[in-house]
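Taking it in order: structure first as structure tokens, then the write-up.
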Amino acid sequence: MSPMDAASAALDVLIARCAEKVRMVSRSHRLDPSEVDEVFQEVRVRIWTAIGPGETIATLPSSYVYRTATSVALDLIRRRRTKREAMSDPIHLVRDPADLETGAEERIELQELGGLIEEALAELPASRRGPVRMFLDGYDKEEIAAVQGWTEPKTRNLLYRGLGDLREVLTRRGVGPEGVR
Amino acid sequence: MKDEELRRAYQARSPRPAASPPTPEELARLASGQGSDEERAELLDRTMADPASARDFELLRAIAATDRSEARPVARRWRVPVTLAASLLLAAGVYALLRPKGPDDTVRGQVANGSPAQVAPLEAASHPQGIITFTWRPIPRATAYRLELLTDAGALASSLQTSDTLAAMEVLAGGSYRWVVVGLLPDGLEAPSRPRRILITPK
């Protein structure tokens, strides 16, 4: 194996490892695995261009790979936004195909209820809205704690209070345990 | 209404275009934990209110969260019973002292200088599922080592961190794997070994 092949193999192993870990972290959320692949393919090109083949690649810290990945992801997001703005039917208005599996009637009821939740959220203190939204979007307490820089007990407490406030607002608006009254 | 019902309804809502979606730079700041409590809370609300921004944020958050988890010392997720671990260490010590001084049994590949050289199991060794002991040679300046077991597709099946040059890992699923030892050096540098194949056979 030539030194260039060895360096290339070392870089491939490092990038595959980092990409897999990112995929594992976001497995339960909306991130498309192909998006992670797209980012890390570009990361490989950038590192190869910046460093080139050599011993350095074998001892490259993973933190360098993640920093590069963040920069690549930001470029991807910027490109996506430019494309989104140019579209007449914004991508965020297109429903997830998984929604089609639910019956049409139930889907409409759920959407209406979701709309009421969205309105009710506006009445919550700003400091509690974000974490509650994250929770409703399927994130667990540990992930919310990590994003907010809170301890687990603080997260649990604020989330509990935030969800309590939300239920209170919904009840006032006629949405009880059985749904819309 | 139960948490799960709230979640289902919220996720089914018809998304509305956000009035002031966060910029990509704001999303990056949020993902890396910058800003005061109030700033983060306000930004998180704007981000999560807009499904497109939430998706963008998820990409940055996953990268930042992985970076953070690798930067801090990893607690062992998996432990062998103390007596078993002690027995394995003792056995390895006795073996190191008594083994014949023949040719080096390390299968050396094209690894970079300073990467851990794997000792056992040998390349493409077959092993019944259960506890497997992995050993490697120390490298200068390494403060710890991370043993990673990868599937053939490159997915991380299991990993553990140790300051030793020997680790026991339980592998329950049969199949073909690769294992890598990453030397963790000061200043966050890492020195990974070349992957070595191992075949796990069902008992």
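Residue names in the structure tokens use chain letters A, B, ... in the order shown, residue numbers from 1 in each chain, and ligand numbers from 1 in the order shown.
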
Hey, could you make a per-residue contact list for chain B against chain A with 6 Å as the cut-off, showing the nearest pair of atoms and its distance in Å to one decimal, counting only C-alpha atoms, sorted by chain and number, as a Markdown table?
```
| residue | atom | partner | partner_atom | distance |
| --- | --- | --- | --- | --- |
| B:Met1 | CA | A:Pro177 | CA | 4.1 |
| B:Arg7 | CA | A:Leu136 | CA | 4.5 |
| B:Ala9 | CA | A:Gly114 | CA | 4.5 |
| B:Tyr10 | CA | A:Gly114 | CA | 4.3 |
| B:Ala12 | CA | A:Gln111 | CA | 5.1 |
| B:Arg13 | CA | A:Gln111 | CA | 4.3 |
| B:Ala41 | CA | A:Ser127 | CA | 5.1 |
| B:Leu44 | CA | A:Gly130 | CA | 4.8 |
| B:Asp45 | CA | A:Gly130 | CA | 3.8 |
| B:Ala52 | CA | A:His92 | CA | 5.4 |
| B:Ala62 | CA | A:Val22 | CA | 5.5 |
| B:Ile63 | CA | A:Val22 | CA | 5.7 |
| B:Thr66 | CA | A:Val22 | CA | 5.9 |
| B:Ala155 | CA | A:Glu20 | CA | 5.7 |
| B:Gly188 | CA | A:Pro61 | CA | 5.9 |
| B:Leu189 | CA | A:Pro61 | CA | 4.4 |
| B:Glu190 | CA | A:Thr59 | CA | 5.2 |
| B:Ala191 | CA | A:Thr59 | CA | 4.7 |
```

Any idea what's packed within 7 Å of stretch 125-130 of chain B, counting only C-alpha atoms, ignoring anything in its chain fewer than 6 positions away? Could you give it as an MDAnalysis selection string? chainID B and resid 170:174 198:203

For B:Asp56, which residue among A:Ala145, A:Arg79, A:Glu168, A:Glu106 is the nearest when counting only C-alpha atoms?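 That would be A:Arg79, the residue with the smallest distance to B:Asp56.
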
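Rounded to one decimal, atom CA of A:Gln41 and atom CA of A:Tyr139 lie 27.2 Å from each other.
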
Who sits within 9 Å of B:Thr165, only C-alpha atoms, same chain under 2 positions skipped, as a list in words: Phe134, Thr135, Trp136, Arg137, Pro138, Ala144, Tyr145, Thr162, Ser163 and Ala167 of chain B

Take the residues from that selection and put them in a file with C-alpha atoms, as a CSV table (one decimal), in the first residue's frame.
```csv
chain,number,residue,atom,x,y,z
B,134,PHE,CA,-8.7,-7.4,22.9
B,135,THR,CA,-5.1,-6.5,23.4
B,136,TRP,CA,-2.7,-4.0,21.8
B,137,ARG,CA,0.6,-2.4,22.3
B,138,PRO,CA,0.9,0.9,24.1
B,144,ALA,CA,-6.2,6.4,27.1
B,145,TYR,CA,-7.4,4.1,24.4
B,162,THR,CA,-9.7,2.4,28.9
B,163,SER,CA,-6.3,3.5,30.1
B,167,ALA,CA,-10.2,-4.6,27.3
```

Atom CA of B:Arg29 and atom CA of B:Met48 are how many Å apart? 14.7 Å
